[in-house]
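See below for work-v6.txt, which holds compact mmCIF, C-alpha atoms and all ligand atoms.
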# COMPACT_ATOMS: atom_id res chain seq x y z
CA MET A 16 4.41 -10.66 -24.53
CA THR A 17 3.70 -14.36 -24.79
CA VAL A 18 5.76 -14.42 -27.95
CA THR A 19 8.70 -12.85 -26.13
CA SER A 20 8.46 -15.45 -23.36
CA VAL A 21 8.42 -18.30 -25.84
CA LEU A 22 11.43 -16.94 -27.69
CA MET A 23 13.32 -16.41 -24.46
CA SER A 24 12.69 -19.98 -23.39
CA THR A 25 14.39 -21.30 -26.53
CA VAL A 26 17.69 -19.74 -25.48
CA PRO A 27 19.86 -22.30 -23.68
CA ALA A 28 19.91 -21.68 -19.93
CA SER A 29 23.68 -21.30 -20.03
CA ALA A 30 23.37 -18.35 -22.41
CA GLN A 31 20.83 -16.46 -20.32
CA ALA A 32 21.87 -13.64 -18.02
CA ALA A 33 20.80 -13.89 -14.39
CA PRO A 34 17.05 -13.24 -14.15
CA GLY A 35 16.21 -9.62 -13.53
CA THR A 36 19.49 -8.27 -14.78
CA LYS A 37 20.83 -7.34 -18.16
CA THR A 38 24.40 -6.44 -18.80
CA GLY A 39 26.50 -5.07 -21.61
CA ALA A 40 25.68 -2.69 -24.39
CA GLU A 41 21.97 -3.48 -24.47
CA ALA A 42 21.36 -2.67 -20.79
CA SER A 43 19.45 0.41 -19.64
CA ALA A 44 20.37 2.36 -16.50
CA LEU A 45 17.47 0.75 -14.60
CA PRO A 46 18.36 -1.47 -11.61
CA SER A 47 17.40 -4.47 -13.78
CA GLY A 48 19.05 -3.11 -16.91
CA ARG A 49 15.84 -3.91 -18.79
CA THR A 50 15.05 -2.31 -22.13
CA ASP A 51 11.53 -3.71 -22.62
CA TYR A 52 8.38 -4.52 -20.64
CA ARG A 53 8.18 -7.57 -18.45
CA SER A 54 5.83 -10.44 -19.17
CA LEU A 55 3.93 -12.04 -16.27
CA ALA A 56 6.58 -14.78 -16.23
CA ASP A 57 9.28 -12.11 -15.95
CA TYR A 58 7.54 -10.53 -12.95
CA GLU A 59 7.12 -13.89 -11.26
CA THR A 60 10.78 -14.76 -11.85
CA ASP A 61 12.00 -11.39 -10.59
CA LEU A 62 9.86 -11.55 -7.44
CA ALA A 63 10.89 -15.13 -6.69
CA GLU A 64 14.58 -14.46 -7.36
CA LEU A 65 14.59 -11.35 -5.21
CA ALA A 66 13.35 -13.41 -2.26
CA ARG A 67 15.56 -16.42 -2.99
CA ARG A 68 18.76 -14.40 -3.27
CA HIS A 69 18.08 -12.06 -0.36
CA PRO A 70 16.22 -14.10 2.26
CA ARG A 71 17.19 -11.74 5.08
CA LEU A 72 15.78 -8.68 3.29
CA VAL A 73 12.91 -10.03 1.22
CA LYS A 74 9.84 -12.09 2.09
CA PRO A 75 7.56 -13.29 -0.72
CA ILE A 76 3.84 -12.78 -0.18
CA THR A 77 0.75 -14.13 -1.91
CA LEU A 78 -2.52 -12.26 -1.63
CA PRO A 79 -5.41 -14.29 -0.17
CA GLU A 80 -7.66 -14.54 -3.22
CA ARG A 81 -6.97 -15.72 -6.73
CA THR A 82 -8.14 -13.57 -9.63
CA HIS A 83 -11.33 -14.29 -11.59
CA GLU A 84 -9.35 -16.51 -13.93
CA GLY A 85 -7.54 -18.24 -11.09
CA ARG A 86 -4.22 -16.43 -11.22
CA VAL A 87 -2.14 -15.85 -8.09
CA VAL A 88 -1.36 -12.25 -7.06
CA ARG A 89 2.17 -11.94 -5.72
CA GLY A 90 4.35 -9.40 -4.02
CA VAL A 91 7.30 -8.97 -1.69
CA GLU A 92 7.94 -7.38 1.68
CA ILE A 93 11.35 -5.75 2.03
CA THR A 94 13.03 -4.69 5.26
CA GLU A 95 15.98 -5.58 7.44
CA ASN A 96 14.94 -9.01 8.81
CA ALA A 97 11.89 -9.37 6.58
CA ALA A 98 10.74 -12.57 8.27
CA GLY A 99 10.42 -10.82 11.64
CA ARG A 100 7.06 -9.72 13.01
CA ASP A 101 8.26 -6.27 13.87
CA GLY A 102 6.37 -3.06 14.54
CA LYS A 103 7.84 -1.03 11.69
CA PRO A 104 5.65 1.40 9.75
CA VAL A 105 4.71 0.17 6.29
CA LEU A 106 4.97 1.79 2.86
CA LEU A 107 2.75 -0.04 0.38
CA VAL A 108 3.28 0.45 -3.36
CA VAL A 109 1.00 -1.31 -5.83
CA GLY A 110 0.91 -1.23 -9.61
CA MET A 111 -1.59 -2.07 -12.31
CA HIS A 112 -5.06 -1.75 -10.86
CA HIS A 113 -5.45 -1.09 -14.59
CA GLY A 114 -3.94 -3.98 -16.52
CA ASN A 115 -2.87 -1.97 -19.57
CA GLU A 116 -0.84 0.59 -17.58
CA TRP A 117 2.44 -1.33 -17.79
CA PRO A 118 4.89 1.34 -16.55
CA SER A 119 3.05 1.31 -13.19
CA GLY A 120 4.20 -2.27 -12.60
CA GLU A 121 7.68 -1.71 -13.99
CA VAL A 122 8.60 1.16 -11.66
CA THR A 123 7.21 -0.78 -8.68
CA MET A 124 9.33 -3.83 -9.51
CA GLU A 125 12.44 -1.75 -10.24
CA PHE A 126 12.19 -0.10 -6.84
CA GLY A 127 12.32 -3.53 -5.19
CA LEU A 128 15.51 -4.42 -7.06
CA ASP A 129 16.90 -0.97 -6.27
CA LEU A 130 16.31 -1.23 -2.51
CA VAL A 131 17.89 -4.65 -2.22
CA ARG A 132 20.88 -3.64 -4.31
CA ASN A 133 21.48 -0.55 -2.18
CA TYR A 134 20.95 -2.03 1.28
CA GLY A 135 24.33 -1.91 3.02
CA ARG A 136 25.78 0.33 0.28
CA ASP A 137 23.68 3.47 0.29
CA ARG A 138 23.44 5.03 3.73
CA GLN A 139 19.99 6.55 3.17
CA ILE A 140 18.40 3.37 1.80
CA THR A 141 20.01 1.26 4.53
CA GLY A 142 18.68 3.54 7.25
CA LEU A 143 15.18 3.53 5.77
CA LEU A 144 15.05 -0.27 5.41
CA ASP A 145 16.13 -0.59 9.03
CA LYS A 146 13.20 1.59 10.10
CA THR A 147 10.40 0.77 7.65
CA ARG A 148 8.86 -2.19 5.85
CA ILE A 149 7.99 -1.80 2.20
CA VAL A 150 5.36 -3.98 0.56
CA LEU A 151 5.40 -4.13 -3.25
CA VAL A 152 2.68 -5.68 -5.42
CA PRO A 153 3.54 -4.83 -9.05
CA ILE A 154 0.33 -6.26 -10.58
CA VAL A 155 -3.00 -6.05 -8.72
CA ASN A 156 -5.07 -6.90 -11.80
CA VAL A 157 -3.16 -9.87 -13.20
CA ASP A 158 -5.91 -11.01 -15.59
CA GLY A 159 -6.15 -7.53 -17.08
CA PHE A 160 -2.37 -7.37 -17.46
CA VAL A 161 -2.24 -10.69 -19.30
CA LYS A 162 -4.93 -9.45 -21.72
CA ASN A 163 -3.53 -5.88 -21.82
CA THR A 164 -6.93 -4.49 -20.79
CA ARG A 165 -7.80 -1.82 -18.23
CA ARG A 166 -10.48 -3.86 -16.45
CA ASN A 167 -10.39 -7.31 -14.88
CA ALA A 168 -11.69 -10.53 -16.44
CA ASN A 169 -15.17 -9.69 -15.08
CA ASN A 170 -15.09 -6.36 -16.99
CA VAL A 171 -14.93 -4.37 -13.74
CA ASP A 172 -12.68 -1.34 -13.24
CA MET A 173 -10.56 -2.21 -10.18
CA ASN A 174 -10.30 1.43 -9.18
CA ARG A 175 -14.09 1.94 -8.99
CA ASN A 176 -15.00 -1.16 -6.94
CA TYR A 177 -13.79 -0.19 -3.43
CA GLY A 178 -16.69 0.11 -1.02
CA PHE A 179 -16.15 3.60 0.35
CA GLY A 180 -18.47 5.99 -1.52
CA TRP A 181 -19.04 3.27 -4.12
CA GLY A 182 -21.83 3.54 -6.65
CA GLU A 183 -21.43 6.66 -8.80
CA SER A 184 -19.04 5.35 -11.45
CA PRO A 185 -21.14 3.15 -13.72
CA PRO A 186 -20.93 1.09 -15.83
CA TYR A 187 -17.70 -0.65 -14.75
CA GLN A 188 -17.85 -0.30 -10.95
CA GLY A 189 -18.99 -3.92 -10.42
CA ALA A 190 -22.27 -5.42 -9.24
CA ALA A 191 -21.64 -4.46 -5.61
CA PRO A 192 -18.96 -2.83 -3.45
CA TRP A 193 -16.02 -5.22 -3.07
CA SER A 194 -17.52 -7.60 -5.62
CA GLU A 195 -14.09 -8.41 -7.10
CA PRO A 196 -11.36 -10.66 -5.64
CA GLU A 197 -8.68 -8.20 -6.77
CA THR A 198 -10.06 -5.30 -4.70
CA ARG A 199 -10.67 -7.57 -1.72
CA ASN A 200 -6.98 -8.56 -1.95
CA VAL A 201 -5.84 -4.96 -1.58
CA ARG A 202 -8.34 -4.43 1.25
CA ASP A 203 -6.75 -7.39 3.04
CA LEU A 204 -3.23 -6.05 2.46
CA ILE A 205 -4.09 -2.70 4.00
CA SER A 206 -6.33 -4.05 6.76
CA THR A 207 -3.66 -6.40 8.14
CA ARG A 208 -0.68 -4.03 8.25
CA GLN A 209 0.03 -0.56 9.58
CA VAL A 210 0.26 1.06 6.15
CA THR A 211 1.13 4.62 7.11
CA THR A 212 1.95 5.55 3.50
CA PHE A 213 0.47 4.14 0.32
CA LEU A 214 1.17 4.76 -3.36
CA THR A 215 -1.03 3.30 -6.09
CA MET A 216 0.68 3.56 -9.45
CA HIS A 217 -1.08 4.37 -12.73
CA THR A 218 -0.41 5.96 -16.14
CA CYS A 219 -0.47 8.39 -17.90
CA LEU A 220 -0.80 11.97 -16.61
CA ALA A 221 2.40 12.97 -14.75
CA ASN A 222 0.45 13.96 -11.67
CA MET A 223 -0.43 12.85 -8.14
CA LEU A 224 -3.96 12.68 -6.74
CA TYR A 225 -5.42 12.41 -3.25
CA PRO A 226 -8.97 12.46 -1.80
CA PRO A 227 -11.67 13.50 -2.29
CA LEU A 228 -12.89 11.73 -5.41
CA GLN A 229 -16.06 13.85 -5.53
CA HIS A 230 -16.46 17.55 -4.72
CA LYS A 231 -19.56 16.86 -2.64
CA ALA A 232 -17.40 14.80 -0.27
CA GLY A 233 -15.44 17.90 0.82
CA LEU A 234 -11.75 17.95 1.67
CA PRO A 235 -10.16 15.27 3.86
CA GLN A 236 -9.27 16.29 7.42
CA ASP A 237 -5.57 15.69 6.72
CA ILE A 238 -5.51 17.73 3.49
CA GLY A 239 -2.48 19.69 4.71
CA ALA A 240 -0.52 16.47 5.24
CA PHE A 241 -1.55 15.16 1.82
CA ARG A 242 -0.41 18.36 0.15
CA SER A 243 2.94 18.60 1.88
CA PHE A 244 3.66 14.91 1.18
CA ALA A 245 2.75 15.34 -2.49
CA ASP A 246 4.83 18.54 -2.63
CA ALA A 247 7.85 16.65 -1.33
CA MET A 248 7.35 13.88 -3.90
CA GLY A 249 6.84 16.47 -6.62
CA THR A 250 10.31 17.94 -6.08
CA GLN A 251 11.61 14.50 -7.08
CA ASN A 252 9.35 13.35 -9.91
CA GLY A 253 8.33 16.77 -11.26
CA TYR A 254 4.62 15.86 -11.16
CA TYR A 255 1.97 18.32 -9.99
CA HIS A 256 -0.67 17.31 -7.45
CA THR A 257 -4.32 18.02 -6.85
CA THR A 258 -7.42 16.38 -5.45
CA SER A 259 -8.74 13.46 -7.45
CA ALA A 260 -12.05 15.33 -7.78
CA ASP A 261 -10.28 18.28 -9.40
CA ASP A 262 -8.78 15.92 -11.96
CA TYR A 263 -12.12 14.26 -12.74
CA GLU A 264 -14.81 12.88 -10.45
CA THR A 265 -15.14 9.16 -9.75
CA SER A 266 -16.16 6.95 -6.84
CA GLY A 267 -14.85 3.72 -5.31
CA GLU A 268 -11.11 4.29 -5.68
CA VAL A 269 -8.63 2.67 -3.32
CA ILE A 270 -7.12 5.91 -1.94
CA ASP A 271 -10.49 7.08 -0.62
CA TRP A 272 -11.28 3.89 1.26
CA SER A 273 -7.72 3.48 2.57
CA TYR A 274 -7.57 7.02 3.99
CA TYR A 275 -10.98 7.03 5.64
CA ALA A 276 -10.46 3.51 7.04
CA THR A 277 -6.86 3.79 8.24
CA ARG A 278 -5.87 7.47 8.08
CA GLY A 279 -2.68 6.38 6.30
CA LEU A 280 -1.91 8.79 3.45
CA GLY A 281 -2.69 7.19 0.08
CA VAL A 282 -1.79 8.89 -3.18
CA THR A 283 -2.47 7.92 -6.79
CA VAL A 284 0.66 8.48 -8.89
CA GLU A 285 0.09 8.82 -12.64
CA VAL A 286 3.43 8.06 -14.26
CA CYS A 287 3.85 9.66 -17.68
CA THR A 288 6.40 11.35 -19.87
CA THR A 289 7.38 14.89 -18.95
CA PRO A 290 6.33 16.74 -21.03
CA LEU A 291 3.25 14.68 -21.83
CA THR A 292 3.72 15.22 -25.57
CA LEU A 293 6.89 13.11 -25.81
CA PRO A 294 6.61 9.80 -27.71
CA ARG A 295 5.60 7.03 -25.32
CA THR A 296 8.27 4.34 -25.32
CA PHE A 297 9.79 2.06 -22.68
CA GLN A 298 12.72 4.48 -22.57
CA SER A 299 10.60 7.62 -22.10
CA LEU A 300 7.92 6.11 -19.81
CA VAL A 301 9.90 3.71 -17.65
CA VAL A 302 13.65 4.40 -17.84
CA ASP A 303 13.50 8.19 -18.02
CA GLN A 304 10.66 8.50 -15.50
CA TYR A 305 12.15 6.09 -12.98
CA LEU A 306 15.58 7.75 -13.08
CA GLY A 307 14.41 11.32 -13.69
CA THR A 308 14.59 13.41 -16.81
CA ASN A 309 14.17 17.00 -18.00
CA GLY A 310 15.62 18.65 -14.94
CA PHE A 311 15.01 15.75 -12.55
CA GLU A 312 18.13 13.68 -13.29
CA GLY A 313 19.06 11.62 -10.25
CA LYS A 314 15.57 12.08 -8.79
CA GLY A 315 12.54 10.87 -10.76
CA VAL A 316 9.92 8.38 -9.62
CA ARG A 317 12.72 6.60 -7.76
CA GLY A 318 13.34 9.75 -5.74
CA SER A 319 9.64 10.10 -4.97
CA PHE A 320 9.59 6.50 -3.72
CA VAL A 321 12.44 7.35 -1.35
CA THR A 322 10.45 10.39 -0.21
CA ALA A 323 7.51 8.05 0.48
CA LEU A 324 9.78 5.82 2.57
CA GLN A 325 10.84 8.88 4.56
CA GLN A 326 7.18 9.80 4.99
CA ALA A 327 6.44 6.27 6.21
CA ALA A 328 9.28 6.52 8.72
CA ASP A 329 8.27 9.96 10.03
CA ARG A 330 6.80 9.55 13.50
CA GLU A 331 5.28 13.02 13.37
CA ALA A 332 3.09 11.71 10.55
CA HIS A 333 1.70 8.62 12.30
CA SER A 334 1.48 7.29 15.87
CA VAL A 335 3.66 5.23 18.16
CA ILE A 336 2.71 2.76 20.88
CA THR A 337 5.43 1.69 23.31
CA GLY A 338 5.49 -0.39 26.46
CA LYS A 339 6.93 -3.36 28.23
CA ALA A 340 5.45 -6.82 27.79
CA ALA A 341 7.57 -9.97 27.62
CA ARG A 342 9.93 -11.36 25.05
CA GLY A 343 7.95 -13.65 22.74
CA ALA A 344 4.59 -12.08 23.55
CA VAL A 345 2.34 -11.47 20.54
CA LEU A 346 0.65 -8.07 20.45
CA ARG A 347 -2.38 -7.41 18.31
CA ILE A 348 -4.30 -4.20 17.63
CA THR A 349 -7.76 -4.26 16.12
CA LYS A 350 -10.57 -1.89 15.19
CA ASP A 351 -14.00 -2.66 13.78
CA PHE A 352 -16.33 -0.07 12.30
CA PRO A 353 -18.80 0.36 9.46
CA LEU A 354 -18.36 2.61 6.43
CA TRP A 355 -20.83 3.44 3.67
CA THR A 356 -21.25 3.63 -0.08
CA ASN A 357 -22.90 6.54 -1.88
CA PRO A 358 -26.71 6.31 -1.80
CA VAL A 359 -27.51 3.64 -4.40
CA ALA A 360 -30.77 2.31 -5.85
CA GLN A 361 -32.06 -0.80 -4.09
CA PRO A 362 -34.20 -3.64 -5.45
CA ASP A 363 -37.06 -2.42 -3.20
CA GLY A 364 -37.14 0.92 -5.05
CA THR A 365 -35.44 2.98 -2.35
CA THR A 366 -32.12 4.76 -2.73
CA ARG A 367 -29.83 4.53 0.28
CA PRO A 368 -26.19 4.00 1.28
CA LEU A 369 -25.03 0.43 1.85
CA ALA A 370 -22.98 -0.26 4.98
CA PHE A 371 -19.97 -2.53 4.95
CA ASP A 372 -17.79 -3.78 7.79
CA ASN A 373 -14.15 -2.88 8.23
CA HIS A 374 -11.90 -5.06 10.33
CA LEU A 375 -8.38 -3.74 10.87
CA THR A 376 -6.02 -6.16 12.59
CA SER A 377 -2.27 -6.37 12.78
CA THR A 378 0.27 -8.06 15.00
CA MET A 379 3.82 -7.77 16.19
CA GLU A 380 6.01 -10.00 18.30
CA VAL A 381 8.00 -8.59 21.18
CA SER A 382 11.57 -9.55 20.34
CA ASP A 383 13.61 -7.50 22.77
CA ARG A 384 14.99 -9.45 25.70
CA SER A 385 13.83 -6.71 28.09
CA GLY A 386 10.23 -7.00 26.87
CA HIS A 387 10.23 -3.40 25.64
CA PHE A 388 8.50 -2.80 22.33
CA THR A 389 7.91 0.08 19.93
CA TRP A 390 5.07 -0.11 17.43
CA ASP A 391 4.60 2.39 14.61
CA VAL A 392 0.89 2.48 13.88
CA ASN A 393 -1.78 4.54 12.24
CA PRO A 394 -3.69 6.87 14.56
CA SER A 395 -6.63 5.31 16.39
CA LEU A 396 -8.61 8.51 15.73
CA ARG A 397 -10.31 8.07 12.37
CA PRO A 398 -11.51 10.88 10.08
CA VAL A 399 -15.29 11.36 10.12
CA PRO A 400 -16.35 10.05 6.69
CA PRO A 401 -18.28 12.10 4.12
CA TYR A 402 -20.32 9.04 3.11
CA GLN A 403 -22.58 8.13 6.01
CA ALA A 404 -25.70 6.09 6.77
CA ASP A 405 -27.92 9.13 6.06
CA GLY A 406 -26.17 10.28 2.88
CA VAL A 407 -23.25 12.46 1.84
CA HIS A 408 -21.84 15.23 4.06
CA THR A 409 -19.71 17.93 2.47
CA GLU A 410 -18.86 19.21 5.94
CA HIS A 411 -17.62 16.36 8.11
CA PRO A 412 -15.26 17.94 10.61
CA GLY A 413 -12.99 16.16 13.01
CA PHE A 414 -12.25 12.62 13.94
CA VAL A 415 -14.11 9.67 15.37
CA GLN A 416 -12.67 9.35 18.89
CA GLU A 417 -11.81 5.68 18.60
CA SER A 418 -9.22 3.54 20.33
CA TRP A 419 -7.24 0.56 19.18
CA THR A 420 -8.04 -2.60 21.11
CA LEU A 421 -4.67 -4.06 22.03
CA THR A 422 -4.24 -7.63 23.21
CA CYS A 423 -1.10 -9.21 24.61
CA ALA A 424 -0.97 -12.97 24.12
CA ARG A 425 1.15 -16.06 24.34
CA PRO A 426 2.41 -17.40 20.99
CA ASP A 427 -0.38 -20.02 21.15
CA GLY A 428 -2.96 -17.23 21.10
CA THR A 429 -3.93 -17.22 24.78
CA VAL A 430 -4.79 -13.60 25.55
CA LEU A 431 -3.25 -12.44 28.83
CA GLN A 432 -4.28 -8.77 28.80
CA THR A 433 -6.52 -6.47 26.81
CA ALA A 434 -6.17 -2.69 26.74
CA LYS A 435 -7.60 0.30 24.88
CA VAL A 436 -5.09 2.67 23.28
CA ARG A 437 -6.19 6.07 22.02
CA VAL A 438 -3.51 7.78 20.03
CA ASP A 439 -3.62 10.66 17.56
CA ARG A 440 -1.36 11.59 14.67
CA GLY A 441 2.11 12.58 15.89
CA GLU A 442 1.41 11.20 19.37
CA HIS A 443 3.32 8.58 21.34
CA GLU A 444 1.31 6.48 23.79
CA ARG A 445 2.92 4.32 26.45
CA ILE A 446 0.89 1.34 27.57
CA ASP A 447 1.29 -0.65 30.77
CA LEU A 448 1.23 -4.42 30.05
CA LYS A 449 2.21 -5.51 33.55
CA GLN A 450 -0.55 -8.10 33.73
CA CYS A 451 0.61 -9.72 30.49
CA ARG A 452 4.23 -9.59 31.59
CA GLU A 453 3.51 -11.28 34.92
CA ARG A 454 1.23 -13.95 33.48
CA PHE A 455 3.61 -14.62 30.60
CA HIS A 456 6.35 -15.57 33.09
CA PRO A 457 4.51 -17.05 36.08
CA LYS A 458 6.63 -16.74 39.18
CA ALA A 459 8.17 -20.02 40.28
CA GLU A 460 6.18 -21.59 43.10
CA HIS A 461 7.90 -21.67 46.43
ZN ZN A 501 -5.10 3.82 -14.19

For the structure just supplied, provide its representation as structure tokens.
Amino acid sequence: MTVTSVLMSTVPASAQAAPGTKTGAEASALPSGRTDYRSLADYETDLAELARRHPRLVKPITLPERTHEGRVVRGVEITENAAGRDGKPVLLVVGMHHGNEWPSGEVTMEFGLDLVRNYGRDRQITGLLDKTRIVLVPIVNVDGFVKNTRRNANNVDMNRNYGFGWGESPPYQGAAPWSEPETRNVRDLISTRQVTTFLTMHTCLANMLYPPLQHKAGLPQDIGAFRSFADAMGTQNGYYHTTSADDYETSGEVIDWSYYATRGLGVTVEVCTTPLTLPRTFQSLVVDQYLGTNGFEGKGVRGSFVTALQQAADREAHSVITGKAARGAVLRITKDFPLWTNPVAQPDGTTRPLAFDNHLTSTMEVSDRSGHFTWDVNPSLRPVPPYQADGVHTEHPGFVQESWTLTCARPDGTVLQTAKVRVDRGEHERIDLKQCRERFHPKAEH
């Protein structure tokens, strides 16, 4: 890949096509027209150009931590008025937890180009980008991608290092839960947004997987929602779905933590040729899978991404908080709670679960002149986790009856009102922020 980049850079700038697009006989049917895999430089150019050319629709983001080798992890947020601090529900798509699974980054990047190209042209895409925010991070494990290795530069498997249920996937799970900057980056992404729908892209099985990761953890409370969502995606990409445990057992994967922390539906998508026996080329793995093949023409992984956007937009599948505050007021919802690893051996000779803190926090700004706001959020009620302080529970019925803590503040951070909001999946909760409204606009003294 380095060789390709070097060769490309010797071509005079005037002879190069616009970054991210290929034209003419050599172009594929992908949004980019690409016919080969991107290098890291290609990804960085495509992400930067997408934001530069479409500032209204695209906001570049940088994840908080650099990788082990000091590389920056980049992504984009795409929605109508991307710079706004709105209350839209979020679809997060990430690629390459495993650095050698290149198609997982390609399809993620292509979807970004696709959305921007179709906004204002395709009625369905336009409607979905008006209602939802999509966050794309094509390469989580940048060091692994550069070396074309599965694990990161610390020889840790990124999809075994998440804290929830951590500890039963040696030897590459890391020294401790969340020991790696790359997994902490994804934790931050999900903890600071209302990610109602989440896809983590991998290769190469042509299937879709959801919790649990281990049979002893039992089925998730929202198993019906997982299955119907995966069914809907499957009509587009042709992939079958099952629990991750039924595929093979692991611990410490991102979908497990994200579901039990946020209740947003997270699915692992294993992109591969259909049928699996086809030769694995850029054409068969990326072009044909993205656009659909073997009975899925016009659908494909692209179609399943659109389904995920519809899922993210579906208010029956998450929660809504509405109310009246004041234009310019900053609303914040937070939740803090512990979760646990599997029981793991301790230096003192005991074996017990380790607790770790979860801090969910996200904000929106009230932009409507009337002070009315609508916020699409994950439910405040959180599924009772199978991994607990006293060990693993196969039966863990119901939900922790938690509330969001909502604050209403001035732009300078001065909190004017605090409220508790308890809201379940499919529910709409109206909250009275009269105190905030009145303090935000103090009545003129007479
Ligand atoms: Zn993988």

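The interatomic distance for the pair atom CA of Pro79 of chain A and atom CA of Val436 of chain A works out to 28.9 Å.
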
Please report the interatomic distance between atom CA of Val108 of chain A and atom CA of Val131 of chain A in Å with one decimal.
15.5 Å

Quick one: residues within 7 Å of segment 309-318 of chain A, only C-alpha atoms, excluding same-chain residues fewer than 6 positions away - as a PyMOL selection string?
chain A and resi 126+251-253

Return as CSV the residues of segment 373-413 of chain A lying at most 12 Å from segment 263-282 of chain A, together with the closest atom-to-atom pair for each and the distance in Å to one decimal, counting only C-alpha atoms, with rows in chain order and ascending residue number.
residue,atom,partner,partner_atom,distance
A:Asn373,CA,A:Ala276,CA,7.5
A:His374,CA,A:Ala276,CA,9.3
A:Leu375,CA,A:Thr277,CA,8.1
A:Thr376,CA,A:Thr277,CA,10.9
A:Asp391,CA,A:Gly279,CA,11.7
A:Val392,CA,A:Gly279,CA,9.2
A:Asn393,CA,A:Gly279,CA,6.3
A:Pro394,CA,A:Arg278,CA,6.9
A:Ser395,CA,A:Thr277,CA,8.3
A:Leu396,CA,A:Arg278,CA,8.2
A:Arg397,CA,A:Arg278,CA,6.2
A:Pro398,CA,A:Tyr275,CA,5.9
A:Val399,CA,A:Tyr275,CA,7.6
A:Pro400,CA,A:Tyr275,CA,6.2
A:Pro401,CA,A:Tyr275,CA,9.0
A:Tyr402,CA,A:Tyr275,CA,9.9
A:Gln403,CA,A:Tyr275,CA,11.7
A:His411,CA,A:Tyr275,CA,11.7
A:Gly413,CA,A:Tyr275,CA,11.9

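For ligand ZN 501 (chain A), the neighbouring protein, DNA and RNA residues, which are those within 10 Å when all atoms listed in the file are counted, are Gly110, Met111, His112, His113, Gly114, Asn115, Glu116, Trp117, Ser119, Arg165, Arg166, Asp172, Met173, Asn174, Thr215, Met216, His217, Thr218, Cys219, Leu220, Thr283, Val284, Glu285 and Val286 of chain A.
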
To one decimal place in Å, what is the distance between atom CA of Glu410 of chain A and atom CA of Ser243 of chain A?
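Atom-to-atom, atom CA of Glu410 of chain A to atom CA of Ser243 of chain A, that is 22.2 Å.
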
Within 8 Å of (15.5, 2.4, -16.4) (coordinates as in the file), grab all the protein and nucleic acid residues, counting all atoms listed in the file, and write them out as JSON, numbers by chain.
{"A": [43, 44, 45, 46, 47, 48, 49, 50, 298, 301, 302, 303, 304, 305, 306]}

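Among the candidates A:Gln236, A:Arg208, A:Pro353, A:Gln432, the one nearest to Thr378 of chain A when counting only C-alpha atoms is A:Arg208.
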
List every protein, DNA or RNA residue that has at least one atom no more than 12 Å from (5.7, -10.2, -17.2) in the file's coordinates, counting all atoms listed in the file, and write the result as a PyMOL selection string.
chain A and resi 16-20+35+51-62+111+114+117-118+120-121+124+153-154+157-158+160-163

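Using all atoms listed in the file, the shortest contact distance between Glu125 of chain A and any of A:Leu65, A:Glu197, A:Gly85, A:Val105 is found at A:Leu65.
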
Have a look at A:Thr211, A:Thr288, A:Gln188, A:Gln139 and name the one nearest to Ser334 of chain A; count all atoms listed in the file.
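Nearest to Ser334 of chain A: A:Thr211.
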
Selection near Val73 of chain A, 9 Å with only C-alpha atoms, sequence-local residues under 5 positions removed, as an MDAnalysis selection string:
chainID A and resid 65:68 91:98 131

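Closest to Thr389 of chain A among A:Leu293, A:Ala190, A:Ile336, A:Val321 is A:Ile336, based on all atoms listed in the file.
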